Structure formats: C-alpha cells, structure tokens
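Student: Let me give you the structure first, and then I'll get to my questions.
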Amino acid sequence: MTAQPEVATTRSAELYQRAKAVLPGGVSRNTVLRSPHPLYVDRAEGCRVTDIEGQTRIDFANNMAALIHGHAHPVVTKAVIAQLQKGTAFSLGSEVEVAYAEHLCSRNEGFEKLRFVNSGTEAVMAALKAARAYTGRAKIAKVEGAYHGGYDYAEVSQTSTPANWGKDDNPASVPVAYGTPTKALEDVVVIPFNAPDRAKAILDRHGHEIACVLVDVLPHRVGLAPATQAFVEMLREWTSQHEALLILDEVITFRSRYGGAQEWYKVQADITAMGKIIGGGFPVGAIAGKNDVMDVMNPLASNLRFPHSGTFSANPVTMTAGLAAMRLFDRPEVRRLNELANRARSGIEEVISKTGAPACVTGAGSMLRLHMKPKLPNNYREAFSSPHEQRRLSFMLDHLFDSGFIMINTCAFTMSTAMGELEIDALVDAIDIGFRKLAAA
C-alpha cells in the first residue's frame with residue numbers, strides 16, 4: 001500500500017483549532033476571519049506586519065483605520081514604556097489626561113469640553129445619551145447603512161439589504177442583532193444619505209421628538225463617499241430649528257483634517273464622537289462639544305442629567321500613547337498623508353481606465369475604497385454590492401493579500417505616516433495585476 005503524503009499544517013491552522021475550542025467561531029472579532037483560517041501576527045513595525053508563518057505584508061488596514069503611525073512608532077513606544085513603569089490605571093486623576101484633553105480641544109474650536117471613554121462604540125453611545133439628557137427626547141435619527149458601533153440604537157439599519165430596507169423615501173429601521181427590542185427600532189429614524197430633500201421630509205414627520213441627528217460625513221459602510229455640503233447644511237439647519245443636536249461621528253474620520261473631517265464643511269457639531277487614531281494604538285474613545293451640552297455630565301452641576309463614569313476611561317497608558325501620537329500627527333503630516341491617498345486614487349483610476357475594469361474608487365482624506373461597479377456610489381443603496389460584484393471584490397482582496405497587502409475587508413485602505421510613495425505605487429501595481437487577472441478569468 002502506497003503511503004499518503006502528509007498534508008502540511010501551518011502554525012496558524014493549528015492555533016485556529018485551539019481557538020475554536022474556547023472562542024465562538026475561534027475569534028473575538030469577526031473581521032480577522034479568513035478562509036480556511038485566520039492568520040496570526042508575530043510582530044509589526046512601521047507599515048509592515050509579519051505573521052507567525054514568517055510572511056510580511058504592507059498594512060493598509062491599520063487595525064480598521066486605528067493606527068495613524070503604523071506599528072510600534074518609537075516615540076509612542078518610548079512614552080508608553082515610561083508610563084507602564086509608573087503604573088497602568090488608578091483611582092486618581094492623572095496630569096496626562098488634562099494635557100491630552102487640552103491638546104484635542106485645541107484642534108477644533110467646537111471642542112469646548114471633552115470626556116474620554118474606552119472605544120468608538122462607547123463614545124457614540126455616550127453622545128446619544130448626552131443628547132437625550134440635554135433635550136429630554138428619546139428618538140435619534142441616523143443615516144441608512146452607516147456604521148456607528150455596537151450600541152442597539154446606533155447600529156440600526158447598518159446591515160439592511162434590498163429584501164428589508166424599505167422604500168427610498170422611508171427607509172426601514174432594520175435590526176442587526178436578533179432580539180433587538182422593538183422599542184429601540186421605533187426610536188430610530190433612518191434617513192437616506194446625500195438626499196437633503198428626502199431626508200428633511202422624513203425628519204419633519206418626527207419634529208420635536210428627535211433628540212439628535214447622528215452622521216458620519218465619510219461613512220465607510222455607506223460607500224466611503226463624502227457627504228455633500230447641501231446635505232450637511234440641511235442637517236445643521238434642521239437640528240437648530242428643532243432644538244435637536246447634531247452629532248458627528250468622527251471615530252474614523254478625525255484623521256482627515258487636523259480638526260477632523262468636519263473642517264470640510266461650514267458647520268460645527270454640538271457633539272463629536274472620536275476614537276481609533278486618538279488612542280495611539282490603545283483602546284480609546286472621546287466625546288467633545290459645547291460647554292452647555294457637555295455639562296449634562298458635570299457631577300458638580302445642581303441638576304446632573306447624565307451620570308457618567310468608566311473604570312478604564314482616561315487611563316494613563318492610553319492618554320500617554322494618544323497624546324504622543326496626535327502631537328506627531330500635526331498639520332504637515334495630515335497634508336502629506338492626504339497627498340499619498342490622492343496619489344493612490346489617481347493611480348487606481350488610471351489602472352481602471354487602462355484595463356477597462358467596471359470599477360471605481362471613493363474616499364477622501366487618507367482613506368479610499370475600491371468598488372466593483374462603474375458608477376461612483378452616492379449612498380448606501382448605490383454602494384450595495386451585487387453577488388457578481390462581491391465575487392469580483394473577494395477575488396481582488398485575495399489577490400492583494402497573496403501579493404503582500406493587508407486591506408480592510410470591503411477593499412478599503414487607509415494610509416499611515418509610516419508609508420511613502422514606494423508603498424502606494426506597489427499597491428497600485430498590484431491592483432493593476434488584479435484587474436488583468438479578473439479580465440482573464
């Protein structure tokens with residue numbers, strides 16, 4: 001009898017088998033799943049990540065847009081090590097919390113007061129609760145398809161499909177998780193993105209029931225198309241007229257300008273939610289806004305409307321890392337990073353034109369997203385991928401990964417300051433090859 005050759009088992013495959021025994025699906029976050037198994041990191045430096053099999057890739061995912069300087073930046077690392085030697089968390093305040101709050105408030109004149117939390121989800125949740133406390137109203141409005149974290153109210157409609165998303169002029173409040181309370185769905189008003197007239201008509205039907213309108217001006221799940229000036233101005237005008245609050249979710253987009261993506265528009269938010277890059281590689285969130293709005297959390301107020309606390313909020317390790325990272329991310333670095341993204345966009349658009357691929361690229365600031373559709377999407381429904389488009393996208397993602405690039409799983413990519421033109425041009429060349437393989441398939 002002829003002996004059968006042994007099937008090689010990688011370290012990642014072995015580790016995944018262990019993981020499945022103790023973690024649902026073998027993971028703590030679904031984004032790391034790959035077929036047939038996730039890969040596991042060994043080390044990373046700058047814009048390159050090496051897995052436990054020894055393969056090194058250029059990282060355009062940057063932990064879902066959270067790493068503005070890539071991995072293990074020496075300035076941030078040195079500052080964190082020094083703080084670790086002093087302690088990690090205390091039941092006392094820390095000077096670095098004050099210094100960091102001062103720095104963030106200096107970046108945007110609309111940031112008069114600020115509170116730190118531990119994630120972007122928590123920042124959005126606190127912002128919505130602050131709006132309810134300030135207005136005394138329960139309902140919120142949000143954009144169809146927009147991702148705002150895992151809070152019941154904020155996540156409504158983010159996974160809606162043609163089968164359940166309802167009419168254009170009346171998008172349905174679709175739950176993400178099975179068992180979401182019906183009351184939560186009833187208290188979320190869903191509006192179409194970049195459709196000011198239709199969105200206003202929906203908002204008008206609810207008038208003074210709405211506590212706030214929550215919006216991301218460059219929403220990833222909606223297609224990474226920027227909000228139009230007319231759309232944002234309508235929301236600012238409507239909320240002001242109806243004594244509701246305008247909340248901008250800048251958890252991802254704060255990287256886009258020195259004071260956040262809201263600098264693209266002639267409006268100021270009442271509350272801004274932040275996260276991702278402001279942690280310097282550690283879990284973080286923050287909400288900032290006007291004095292009177294933020295004072296609903298003031299424990300010294302005679303009428304405290306929103307008692308707020310958190311065991312690890314403003315922990316000195318995160319504060320130290322965040323302050324070091326954001327001081328490095330100054331105006332020249334913001335501009336340089338955005339210019340790298342522009343170089344990537346131009347290169348990809350040239351490839352699309354040259355290969356005749358039915359594709360387009362959206363985005364702004366230092367983030368881009370590749371779509372397998374010929375027309376630029378302007379909202380969630382236009383950005384929604386057909387089965388054919390999704391197959392092409394999956395092919396491109398696998399091709400790029402095998403070619404040495406880590407992407408966000410929508411085929412979106414974010415720049416880090418550890419990158420230069422070399423990495424951008426390498427990505428464009430790989431996309432060119434990918435489109436040629438798709439055409440030949």
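Within each chain, counting starts at residue 1; across the structure tokens, chains are named A, B, ... in the order shown, with ligands numbered 1 upward in that order.
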List every residue of range 76-223 of chain A that DSSP, applied to the backbone of this structure, places in helix (DSSP H, G or I), and write the result as a count of residues only.
Tutor: 54
Student: Set the distance at 8 Å and use only C-alpha atoms: which residues neighbour Asn409 in chain A once local chain neighbours fewer than 2 positions away are removed? I'd like the list as a ChimeraX atom specification.
Tutor: /A:31,397,407,411-412
Student: Please, could you write that set of residues out with C-alpha atoms as an mmCIF file, in the first residue's frame?
Tutor:
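Wrote result38.cif, looks like this:
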data_model
loop_
_atom_site.group_PDB
_atom_site.id
_atom_site.type_symbol
_atom_site.label_atom_id
_atom_site.label_comp_id
_atom_site.auth_asym_id
_atom_site.auth_seq_id
_atom_site.Cartn_x
_atom_site.Cartn_y
_atom_site.Cartn_z
ATOM 1 C CA THR A 31 -13.020 40.885 10.887
ATOM 2 C CA LEU A 397 -8.969 41.015 -1.803
ATOM 3 C CA MET A 407 -6.747 45.550 3.297
ATOM 4 C CA CYS A 411 -11.412 46.602 -0.168
ATOM 5 C CA ALA A 412 -10.906 49.871 1.634
#
Student: Near Arg343 in chain A, counting only C-alpha atoms, which residues have an atom at most 10 Å away, once you skip same-chain residues fewer than 3 positions from it, shown as a list in words?
Tutor: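 My list of contacting residues is Leu337, Asn338, Glu339, Leu340, Ser346, Gly347, Ile348, Glu349, Glu421, Ile424, Asp425 and Val428 of chain A.
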Student: I need the residues from that last selection saved to file as a tab-separated table (two decimals), in the first residue's frame (with C-alpha atoms), if you can.
Tutor:
chain	number	residue	atom	x	y	z
A	337	LEU	CA	-0.88	61.61	4.28
A	338	ASN	CA	-3.80	63.03	2.30
A	339	GLU	CA	-1.46	63.63	-0.64
A	340	LEU	CA	-0.42	59.96	-0.51
A	346	SER	CA	-5.01	58.81	-9.26
A	347	GLY	CA	-3.02	55.63	-9.82
A	348	ILE	CA	-6.02	53.36	-9.31
A	349	GLU	CA	-8.23	55.48	-11.56
A	421	GLU	CA	5.30	56.73	-2.39
A	424	ILE	CA	1.49	53.46	-2.64
A	425	ASP	CA	2.93	52.64	-6.07
A	428	VAL	CA	-1.39	50.43	-7.46
Student: Counting only C-alpha atoms, which residues of range 371-437 of chain A fall within 7 Å of range 222-245 of chain A, and what is the closest atom pair for each with its distance in Å at one decimal, ordered by chain and rising number, as a Markdown table?
Tutor:
| residue | atom | partner | partner_atom | distance |
| --- | --- | --- | --- | --- |
| A:Pro377 | CA | A:Gly223 | CA | 6.6 |
| A:Asn378 | CA | A:Ala225 | CA | 6.0 |
| A:Asn379 | CA | A:Val222 | CA | 5.7 |
| A:Tyr380 | CA | A:Val222 | CA | 4.2 |
| A:Ala383 | CA | A:Gly223 | CA | 5.2 |
Student: Output C-alpha atoms of each residue in that selection to a file, as a short mmCIF file (atom, residue, chain, number, x, y, z; two decimals), in the first residue's frame.
Tutor:
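File written: result-v8.cif
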data_model
loop_
_atom_site.label_atom_id
_atom_site.label_comp_id
_atom_site.auth_asym_id
_atom_site.auth_seq_id
_atom_site.Cartn_x
_atom_site.Cartn_y
_atom_site.Cartn_z
CA PRO A 377 -21.98 55.39 -5.47
CA ASN A 378 -23.51 58.30 -3.59
CA ASN A 379 -25.38 56.41 -0.86
CA TYR A 380 -25.80 53.02 0.80
CA ALA A 383 -22.87 51.16 -2.87
#
Student: For Ser106 in chain A, find every residue with an atom within 12 Å (counting only C-alpha atoms), except residues of its own chain fewer than 4 positions away, and show them as a PyMOL selection string.
Tutor: chain A and resi 99-102+110-114+258-260+288+326-327+330
Student: Restricted to C-alpha atoms, what would the selected residues look like written as a PDB file, in the first residue's frame?
Tutor:
ATOM      1  CA  ALA A  99      -2.783  67.679  28.908  1.00  0.00           C
ATOM      2  CA  TYR A 100      -4.354  65.431  26.302  1.00  0.00           C
ATOM      3  CA  ALA A 101      -7.799  66.998  26.672  1.00  0.00           C
ATOM      4  CA  GLU A 102      -6.179  70.415  26.193  1.00  0.00           C
ATOM      5  CA  GLY A 110     -16.064  73.489  18.617  1.00  0.00           C
ATOM      6  CA  PHE A 111     -14.412  71.315  21.274  1.00  0.00           C
ATOM      7  CA  GLU A 112     -15.032  73.336  24.440  1.00  0.00           C
ATOM      8  CA  LYS A 113     -15.204  70.382  26.821  1.00  0.00           C
ATOM      9  CA  LEU A 114     -14.264  66.726  26.409  1.00  0.00           C
ATOM     10  CA  TYR A 258      -6.200  68.473  11.696  1.00  0.00           C
ATOM     11  CA  GLY A 259      -9.503  69.240  13.411  1.00  0.00           C
ATOM     12  CA  GLY A 260     -11.477  66.399  11.852  1.00  0.00           C
ATOM     13  CA  ALA A 288     -16.289  66.667  22.706  1.00  0.00           C
ATOM     14  CA  MET A 326      -1.566  63.123  17.985  1.00  0.00           C
ATOM     15  CA  ARG A 327       1.270  65.564  18.623  1.00  0.00           C
ATOM     16  CA  ASP A 330       0.497  67.676  13.022  1.00  0.00           C
TER      17      ASP A 330
END
Student: Where does range 262-329 of chain A meet range 122-135 of chain A within 10 Å, residue by residue, with the nearest atom pair and distance in Å to one decimal for each, counting only C-alpha atoms, listed by chain and rising number, as a Markdown table?
Tutor:
| residue | atom | partner | partner_atom | distance |
| --- | --- | --- | --- | --- |
| A:Asp270 | CA | A:Ala131 | CA | 9.0 |
| A:Ile271 | CA | A:Ala127 | CA | 6.7 |
| A:Thr272 | CA | A:Ala127 | CA | 7.7 |
| A:Ala273 | CA | A:Ala123 | CA | 5.4 |
| A:Met274 | CA | A:Ala123 | CA | 6.6 |
| A:Gly275 | CA | A:Ala123 | CA | 7.4 |
| A:Val284 | CA | A:Ala123 | CA | 8.7 |
| A:Gly285 | CA | A:Ala123 | CA | 5.2 |
| A:Ala286 | CA | A:Ala123 | CA | 5.4 |
| A:Ile287 | CA | A:Ala123 | CA | 5.8 |
| A:Ala288 | CA | A:Ala127 | CA | 8.7 |
| A:Gly289 | CA | A:Ala127 | CA | 9.5 |
| A:Asp292 | CA | A:Tyr134 | CA | 8.7 |
| A:Val293 | CA | A:Tyr134 | CA | 6.4 |
| A:Met294 | CA | A:Ala130 | CA | 7.4 |
| A:Asp295 | CA | A:Tyr134 | CA | 8.9 |
| A:Val296 | CA | A:Tyr134 | CA | 6.4 |
| A:Met297 | CA | A:Ala130 | CA | 7.5 |
| A:Leu304 | CA | A:Ala133 | CA | 9.3 |
| A:Arg305 | CA | A:Ala133 | CA | 5.6 |
| A:Phe306 | CA | A:Ala133 | CA | 6.2 |
| A:Pro307 | CA | A:Ala130 | CA | 9.7 |
| A:His308 | CA | A:Ala126 | CA | 8.3 |
Student: Measuring between only C-alpha atoms, which one of A:Glu14, A:Ile140, A:Asn170, A:Trp165 shows the shortest distance to Glu186 in chain A?
Tutor: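 Answer, going by the shortest atom-to-atom distance: A:Ile140.
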Student: Give one line per residue of range 245-341 of chain A that approaches range 211-218 of chain A to at most 6 Å, naming the two atoms of the closest pair and their distance in Å to one decimal, counting only C-alpha atoms; sort by chain then ascending residue number and deliver it as CSV.
Tutor:
residue,atom,partner,partner_atom,distance
A:Leu245,CA,A:Cys212,CA,4.4
A:Leu246,CA,A:Val213,CA,5.2
A:Ile247,CA,A:Leu214,CA,4.8
A:Leu248,CA,A:Val215,CA,5.2
A:Asp249,CA,A:Asp216,CA,4.9
Student: Here is a test: counting only C-alpha atoms, which residue of A:Thr50, A:Thr355, A:Thr88, A:Thr182 is nearest to Lys437 in chain A?
Tutor: A:Thr355
Student: For CA of Leu427 in chain A and CA of Glu53 in chain A, determine how far apart the two atoms are, in Å to one decimal place.
Tutor: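 Interatomic distance, CA of Leu427 in chain A to CA of Glu53 in chain A: 22.2 Å.
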